[in-house]
file my_file.cif (mmCIF, C-alpha atoms)
data_protein
#
loop_
_atom_site.label_atom_id
_atom_site.label_comp_id
_atom_site.auth_asym_id
_atom_site.auth_seq_id
_atom_site.Cartn_x
_atom_site.Cartn_y
_atom_site.Cartn_z
CA MET H 1 0.00 0.00 0.00
CA CYS H 2 1.14 3.21 -0.96
CA ASN H 3 0.34 6.24 1.03
CA PRO H 4 -0.66 9.22 -1.00
CA PRO H 5 1.60 12.18 -0.57
CA LEU H 6 0.44 14.68 1.98
CA ALA H 7 -1.37 17.45 0.37
CA ILE H 8 0.19 20.77 1.05
CA HIS H 9 -2.45 23.37 1.37
CA GLN H 10 -1.52 26.77 0.25
CA HIS H 11 -3.43 29.66 1.65
CA ARG H 12 -4.02 32.40 -0.72
CA ARG H 13 -3.88 35.88 0.65
CA THR H 14 -7.07 37.71 0.10
CA GLY H 15 -7.81 41.43 0.16
CA GLN H 16 -8.14 41.37 3.96
CA ALA H 17 -4.45 41.11 4.64
CA GLY H 18 -3.50 43.71 7.31
CA GLY H 19 -7.11 44.41 8.29
CA PHE H 20 -6.42 43.77 11.95
CA LEU H 21 -3.50 46.19 11.90
CA LEU H 22 -5.67 48.86 10.32
CA GLU H 23 -8.37 48.35 12.95
CA ALA H 24 -5.75 48.67 15.69
CA LEU H 25 -4.44 51.91 14.20
CA VAL H 26 -7.95 53.39 13.98
CA ALA H 27 -8.61 52.39 17.60
CA LEU H 28 -5.33 54.01 18.63
CA LEU H 29 -6.29 57.19 16.76
CA ILE H 30 -9.70 57.35 18.49
CA PHE H 31 -8.04 56.73 21.87
CA SER H 32 -5.53 59.51 21.17
CA PHE H 33 -8.32 61.98 20.39
CA GLY H 34 -9.97 60.98 23.66
CA LEU H 35 -6.75 61.63 25.57
CA LEU H 36 -6.36 65.04 23.91
CA ALA H 37 -9.92 65.93 24.82
CA MET H 38 -9.33 64.89 28.44
CA ALA H 39 -6.12 66.97 28.59
CA GLY H 40 -7.98 70.00 27.21
CA LEU H 41 -10.80 69.49 29.69
CA HIS H 42 -8.30 69.28 32.55
CA ALA H 43 -6.51 72.46 31.43
CA ARG H 44 -9.83 74.30 31.22
CA ALA H 45 -10.83 73.07 34.69
CA VAL H 46 -7.52 74.31 36.15
CA HIS H 47 -8.08 77.71 34.49
CA HIS H 48 -11.59 78.00 35.96
CA PHE H 49 -10.35 76.89 39.40
CA ASN H 50 -7.61 79.54 39.38
CA ASP H 51 -10.06 82.21 38.22
CA ALA H 52 -12.43 81.31 41.06
CA GLN H 53 -9.56 81.37 43.55
CA TYR H 54 -8.45 84.84 42.42
CA ARG H 55 -12.03 86.12 42.58
CA ALA H 56 -12.46 84.71 46.10
CA ASN H 57 -9.19 86.35 47.19
CA ALA H 58 -10.34 89.68 45.73
CA ALA H 59 -13.73 89.40 47.46
CA GLU H 60 -12.05 88.61 50.76
CA LEU H 61 -9.75 91.61 50.36
CA VAL H 62 -12.60 93.99 49.49
CA HIS H 63 -14.92 92.85 52.26
CA GLY H 64 -12.09 92.70 54.81
CA THR H 65 -11.10 96.27 53.99
CA ILE H 66 -14.70 97.45 54.25
CA GLY H 67 -14.95 95.61 57.57
CA ALA H 68 -11.84 97.44 58.80
CA MET H 69 -13.43 100.71 57.69
CA ARG H 70 -16.57 99.89 59.67
CA GLY H 71 -14.40 99.50 62.76
CA THR H 72 -12.95 102.97 62.23
CA ASP H 73 -14.51 106.27 63.23
CA PRO H 74 -16.32 107.54 60.10
CA THR H 75 -14.70 110.94 60.45
CA THR H 76 -11.21 109.41 60.11
CA VAL H 77 -11.97 106.85 57.38
CA ALA H 78 -10.74 109.18 54.64
CA ILE H 79 -7.49 109.89 56.48
CA ARG H 80 -6.72 106.21 57.11
CA PHE H 81 -7.85 104.71 53.79
CA ASP H 82 -7.65 107.39 51.10
CA SER H 83 -4.91 106.93 48.50
CA SER H 84 -3.86 110.60 48.58
CA SER H 85 -3.20 110.55 52.34
CA ARG H 86 -1.38 107.18 52.11
CA GLY H 87 -2.75 106.17 55.50
CA ALA H 88 -2.14 102.84 57.21
CA GLY H 89 -5.37 101.34 55.86
CA TRP H 90 -4.50 102.27 52.27
CA LEU H 91 -0.98 100.88 52.54
CA ALA H 92 -2.32 97.61 54.00
CA LEU H 93 -4.84 97.38 51.14
CA ILE H 94 -2.10 97.86 48.53
CA GLU H 95 0.17 95.25 50.12
CA GLN H 96 -2.63 92.70 50.25
CA ALA H 97 -3.72 93.50 46.68
CA LYS H 98 -0.21 92.73 45.43
CA ARG H 99 -0.87 89.09 46.29
CA LEU H 100 -3.27 88.97 43.36
CA PRO H 101 -1.70 88.26 39.96
CA GLY H 102 -0.91 91.23 37.78
CA VAL H 103 -1.09 93.79 40.61
CA SER H 104 1.91 96.01 41.21
CA ASP H 105 2.65 99.61 42.15
CA ALA H 106 2.27 100.57 38.49
CA GLN H 107 -0.70 98.51 37.23
CA ASN H 108 -4.08 97.24 38.42
CA ILE H 109 -3.97 99.35 41.57
CA PRO H 110 -7.16 99.20 43.67
CA THR H 111 -9.40 102.24 43.51
CA LEU H 112 -11.14 103.59 46.58
CA GLN H 113 -13.67 106.43 46.56
CA ILE H 114 -14.79 107.90 49.85
CA THR H 115 -17.57 110.48 49.76
CA ASN H 116 -20.08 111.90 52.22
CA GLY H 117 -22.74 109.38 53.11
CA PRO H 118 -26.51 109.73 53.16
CA THR H 119 -26.56 110.84 56.79
CA THR H 120 -24.51 113.35 58.74
CA GLY H 121 -21.26 111.78 59.85
CA SER H 122 -21.48 108.75 57.53
CA ARG H 123 -19.27 107.96 54.54
CA ALA H 124 -20.10 106.20 51.28
CA VAL H 125 -17.31 103.93 50.10
CA LEU H 126 -16.71 102.30 46.71
CA LEU H 127 -13.79 99.88 46.58
CA GLU H 128 -12.63 98.20 43.36
CA VAL H 129 -9.89 95.58 43.10
CA LEU H 130 -8.39 94.57 39.74
CA TRP H 131 -6.20 91.61 38.77
CA GLN H 132 -4.96 89.92 35.63
CA ALA H 133 -4.21 86.20 35.61
CA PRO H 134 -1.05 84.99 33.87
CA ALA H 135 -1.57 84.42 30.13
CA ASP H 136 -4.98 86.09 30.35
CA ALA H 137 -5.75 89.13 28.23
CA LEU H 138 -8.68 90.23 30.41
CA VAL H 139 -8.38 92.39 33.50
CA HIS H 140 -10.83 91.09 36.09
CA ARG H 141 -12.66 93.33 38.55
CA TYR H 142 -14.35 92.92 41.90
CA ALA H 143 -16.11 95.92 43.45
CA ALA H 144 -18.29 96.60 46.45
CA SER H 145 -19.86 99.66 48.01
CA ALA H 146 -20.88 100.37 51.59
CA VAL H 147 -22.01 103.12 53.87
CA ILE H 148 -19.80 103.56 56.92
CA GLY H 149 -21.58 105.18 59.84
CA ALA H 150 -21.17 105.56 63.56
CA ASN H 151 -22.90 102.99 65.74
CA ARG H 152 -24.91 104.78 68.38
#

call {"tool": "encode", "arguments": {"input": "my_file.cif", "output": "structure tokens"}}
result
Amino acid sequence: MCNPPLAIHQHRRTGQAGGFLLEALVALLIFSFGLLAMAGLHARAVHHFNDAQYRANAAELVHGTIGAMRGTDPTTVAIRFDSSSRGAGWLALIEQAKRLPGVSDAQNIPTLQITNGPTTGSRAVLLEVLWQAPADALVHRYAASAVIGANR
């Protein structure tokens, strides 16, 4: 008995050669776009967090300064806090404002207006704090107004 020779099967390559590799590359491309989107989302979240932090610092500064004014005799508020008199309150405000980004002796200086209030012996105050975050073209502003009067 003679054994027939083993048949050698030849596989012909069809048009699907490399299909798996192409699918892997497309999946990698989609994954890369997802990673880029996540990185952009993270960068945007950090920007918004920093903006909120700066705004909170400015609000704390403004309301703390107005609180210090309320603890002062209304007749001496202008002397202590006005920029032209360079009183202790004004100098403290400037030093604290310099902690905000973009604030220096030459730019984004706080503005403080003190005028006569609605009643005799009271003062109307408008305080505005400015800052400019790094790599941000906008100058941000936080302002508050109050009437400082004597407690009787």

call {"tool": "closest_residue", "arguments": {"input": "my_file.cif", "among": "H:Leu41, H:Val62, H:Ile114, H:Val77", "to": "Ile94 (chain H)", "atoms": "all atoms listed in the file"}}
result
H:Val62

call {"tool": "closest_residue", "arguments": {"input": "my_file.cif", "among": "H:Thr119, H:Arg70, H:Val103, H:Ala137", "to": "Tyr54 (chain H)", "atoms": "all atoms listed in the file"}}
result
H:Val103

call {"tool": "atom_distance", "arguments": {"input": "my_file.cif", "atom1": "CA of Gln96 (chain H)", "atom2": "CA of Thr115 (chain H)"}}
result
23.2 Å

call {"tool": "closest_residue", "arguments": {"input": "my_file.cif", "among": "H:Ala124, H:Val26, H:Leu112, H:Ala37", "to": "Arg86 (chain H)", "atoms": "all atoms listed in the file"}}
result
H:Leu112

call {"tool": "atom_distance", "arguments": {"input": "my_file.cif", "atom1": "CA of Ile148 (chain H)", "atom2": "CA of Asn57 (chain H)"}}
result
22.4 Å

call {"tool": "atom_distance", "arguments": {"input": "my_file.cif", "atom1": "CA of Gly71 (chain H)", "atom2": "CA of Ser84 (chain H)"}}
result
20.9 Å

call {"tool": "residues_around", "arguments": {"input": "my_file.cif", "residues": "Ile66 (chain H)", "least_positions_apart": "5", "cutoff": "12 Å", "atoms": "all atoms listed in the file", "output": "list in words"}}
result
Ala59, Glu60, Leu61, Gly71, Thr72, Pro74, Val77, Phe81, Gly89, Trp90, Leu93, Leu112, Gln113, Ile114, Arg123, Ala124, Val125, Leu126, Leu127, Glu128, Ala143, Ala144, Ser145, Ala146, Val147, Ile148 and Gly149 of chain H

call {"tool": "residues_near_point", "arguments": {"input": "my_file.cif", "point": "(-3.1, 85.0, 38.3)", "cutoff": "10 Å", "atoms": "all atoms listed in the file", "output": "ChimeraX atom specification"}}
result
/H:47,50-51,53-55,99-103,131-136

call {"tool": "resolve_selection", "arguments": {"input": "my_file.cif", "expression": "the PyMOL selection byres ((chain H and resi 130) around 6)", "output": "compact mmCIF listing (two decimals) with C-alpha atoms, in the frame of the given file"}}
result
# COMPACT_ATOMS: atom_id res chain seq x y z
CA ASN H 108 -4.08 97.24 38.42
CA VAL H 129 -9.89 95.58 43.10
CA TRP H 131 -6.20 91.61 38.77
CA HIS H 140 -10.83 91.09 36.09
CA ARG H 141 -12.66 93.33 38.55

call {"tool": "residues_around", "arguments": {"input": "my_file.cif", "residues": "Leu91 (chain H)", "least_positions_apart": "6", "cutoff": "10 Å", "atoms": "only C-alpha atoms", "output": "list in words"}}
result
Arg80, Phe81, Asp82, Ser83, Ser85 and Ala97 of chain H

call {"tool": "write_last_selection", "arguments": {"input": "my_file.cif", "atoms": "C-alpha atoms", "output": "PDB file, in the coordinates of the input"}}
result
ATOM      1  CA  ARG H  80      -6.720 106.210  57.110  1.00  0.00           C
ATOM      2  CA  PHE H  81      -7.850 104.710  53.790  1.00  0.00           C
ATOM      3  CA  ASP H  82      -7.650 107.390  51.100  1.00  0.00           C
ATOM      4  CA  SER H  83      -4.910 106.930  48.500  1.00  0.00           C
ATOM      5  CA  SER H  85      -3.200 110.550  52.340  1.00  0.00           C
ATOM      6  CA  ALA H  97      -3.720  93.500  46.680  1.00  0.00           C
TER       7      ALA H  97
END

call {"tool": "build_atoms", "arguments": {"input": "my_file.cif", "residues": "region 107-134 of chain H", "atoms": "N, CA and C atoms", "output": "JSON list (two decimals), in the coordinates of the input"}}
result
[["chain", "number", "residue", "atom", "x", "y", "z"],
["H", 107, "GLN", "N", 0.47, 98.95, 38.00],
["H", 107, "GLN", "CA", -0.70, 98.51, 37.23],
["H", 107, "GLN", "C", -1.70, 97.79, 38.13],
["H", 108, "ASN", "N", -2.96, 97.88, 37.74],
["H", 108, "ASN", "CA", -4.08, 97.24, 38.42],
["H", 108, "ASN", "C", -4.14, 97.60, 39.90],
["H", 109, "ILE", "N", -3.91, 98.87, 40.19],
["H", 109, "ILE", "CA", -3.97, 99.35, 41.57],
["H", 109, "ILE", "C", -5.43, 99.46, 41.99],
["H", 110, "PRO", "N", -5.77, 99.05, 43.22],
["H", 110, "PRO", "CA", -7.16, 99.20, 43.67],
["H", 110, "PRO", "C", -7.58, 100.66, 43.66],
["H", 111, "THR", "N", -8.86, 100.89, 43.44],
["H", 111, "THR", "CA", -9.40, 102.24, 43.51],
["H", 111, "THR", "C", -10.36, 102.31, 44.69],
["H", 112, "LEU", "N", -10.30, 103.40, 45.40],
["H", 112, "LEU", "CA", -11.14, 103.59, 46.58],
["H", 112, "LEU", "C", -11.69, 105.00, 46.55],
["H", 113, "GLN", "N", -13.01, 105.12, 46.54],
["H", 113, "GLN", "CA", -13.67, 106.43, 46.56],
["H", 113, "GLN", "C", -14.41, 106.56, 47.87],
["H", 114, "ILE", "N", -14.12, 107.62, 48.58],
["H", 114, "ILE", "CA", -14.79, 107.90, 49.85],
["H", 114, "ILE", "C", -15.48, 109.26, 49.71],
["H", 115, "THR", "N", -16.79, 109.25, 49.86],
["H", 115, "THR", "CA", -17.57, 110.48, 49.76],
["H", 115, "THR", "C", -18.47, 110.60, 50.98],
["H", 116, "ASN", "N", -19.13, 111.74, 51.12],
["H", 116, "ASN", "CA", -20.08, 111.90, 52.22],
["H", 116, "ASN", "C", -21.23, 110.92, 52.04],
["H", 117, "GLY", "N", -21.67, 110.37, 53.14],
["H", 117, "GLY", "CA", -22.74, 109.38, 53.11],
["H", 117, "GLY", "C", -24.11, 110.01, 53.12],
["H", 118, "PRO", "N", -25.14, 109.21, 53.20],
["H", 118, "PRO", "CA", -26.51, 109.73, 53.16],
["H", 118, "PRO", "C", -26.93, 110.44, 54.45],
["H", 119, "THR", "N", -26.23, 110.17, 55.53],
["H", 119, "THR", "CA", -26.56, 110.84, 56.79],
["H", 119, "THR", "C", -25.35, 111.63, 57.27],
["H", 120, "THR", "N", -25.59, 112.53, 58.19],
["H", 120, "THR", "CA", -24.51, 113.35, 58.74],
["H", 120, "THR", "C", -23.54, 112.44, 59.48],
["H", 121, "GLY", "N", -22.28, 112.57, 59.18],
["H", 121, "GLY", "CA", -21.26, 111.78, 59.85],
["H", 121, "GLY", "C", -20.99, 110.42, 59.22],
["H", 122, "SER", "N", -21.74, 110.05, 58.19],
["H", 122, "SER", "CA", -21.48, 108.75, 57.53],
["H", 122, "SER", "C", -20.67, 108.98, 56.27],
["H", 123, "ARG", "N", -20.07, 107.90, 55.77],
["H", 123, "ARG", "CA", -19.27, 107.96, 54.54],
["H", 123, "ARG", "C", -19.73, 106.85, 53.60],
["H", 124, "ALA", "N", -19.82, 107.19, 52.31],
["H", 124, "ALA", "CA", -20.10, 106.20, 51.28],
["H", 124, "ALA", "C", -18.77, 105.77, 50.68],
["H", 125, "VAL", "N", -18.59, 104.48, 50.55],
["H", 125, "VAL", "CA", -17.31, 103.93, 50.10],
["H", 125, "VAL", "C", -17.55, 103.05, 48.89],
["H", 126, "LEU", "N", -16.72, 103.19, 47.87],
["H", 126, "LEU", "CA", -16.71, 102.30, 46.71],
["H", 126, "LEU", "C", -15.29, 101.79, 46.55],
["H", 127, "LEU", "N", -15.10, 100.49, 46.67],
["H", 127, "LEU", "CA", -13.79, 99.88, 46.58],
["H", 127, "LEU", "C", -13.77, 98.91, 45.41],
["H", 128, "GLU", "N", -12.76, 99.04, 44.55],
["H", 128, "GLU", "CA", -12.63, 98.20, 43.36],
["H", 128, "GLU", "C", -11.23, 97.60, 43.34],
["H", 129, "VAL", "N", -11.17, 96.28, 43.17],
["H", 129, "VAL", "CA", -9.89, 95.58, 43.10],
["H", 129, "VAL", "C", -9.79, 94.94, 41.71],
["H", 130, "LEU", "N", -8.64, 95.11, 41.08],
["H", 130, "LEU", "CA", -8.39, 94.57, 39.74],
["H", 130, "LEU", "C", -7.26, 93.54, 39.81],
["H", 131, "TRP", "N", -7.30, 92.57, 38.91],
["H", 131, "TRP", "CA", -6.20, 91.61, 38.77],
["H", 131, "TRP", "C", -6.22, 91.05, 37.36],
["H", 132, "GLN", "N", -5.09, 90.51, 36.96],
["H", 132, "GLN", "CA", -4.96, 89.92, 35.63],
["H", 132, "GLN", "C", -4.17, 88.62, 35.77],
["H", 133, "ALA", "N", -4.84, 87.52, 35.48],
["H", 133, "ALA", "CA", -4.21, 86.20, 35.61],
["H", 133, "ALA", "C", -3.11, 86.05, 34.56],
["H", 134, "PRO", "N", -2.11, 85.23, 34.86],
["H", 134, "PRO", "CA", -1.05, 84.99, 33.87],
["H", 134, "PRO", "C", -1.65, 84.42, 32.58]]
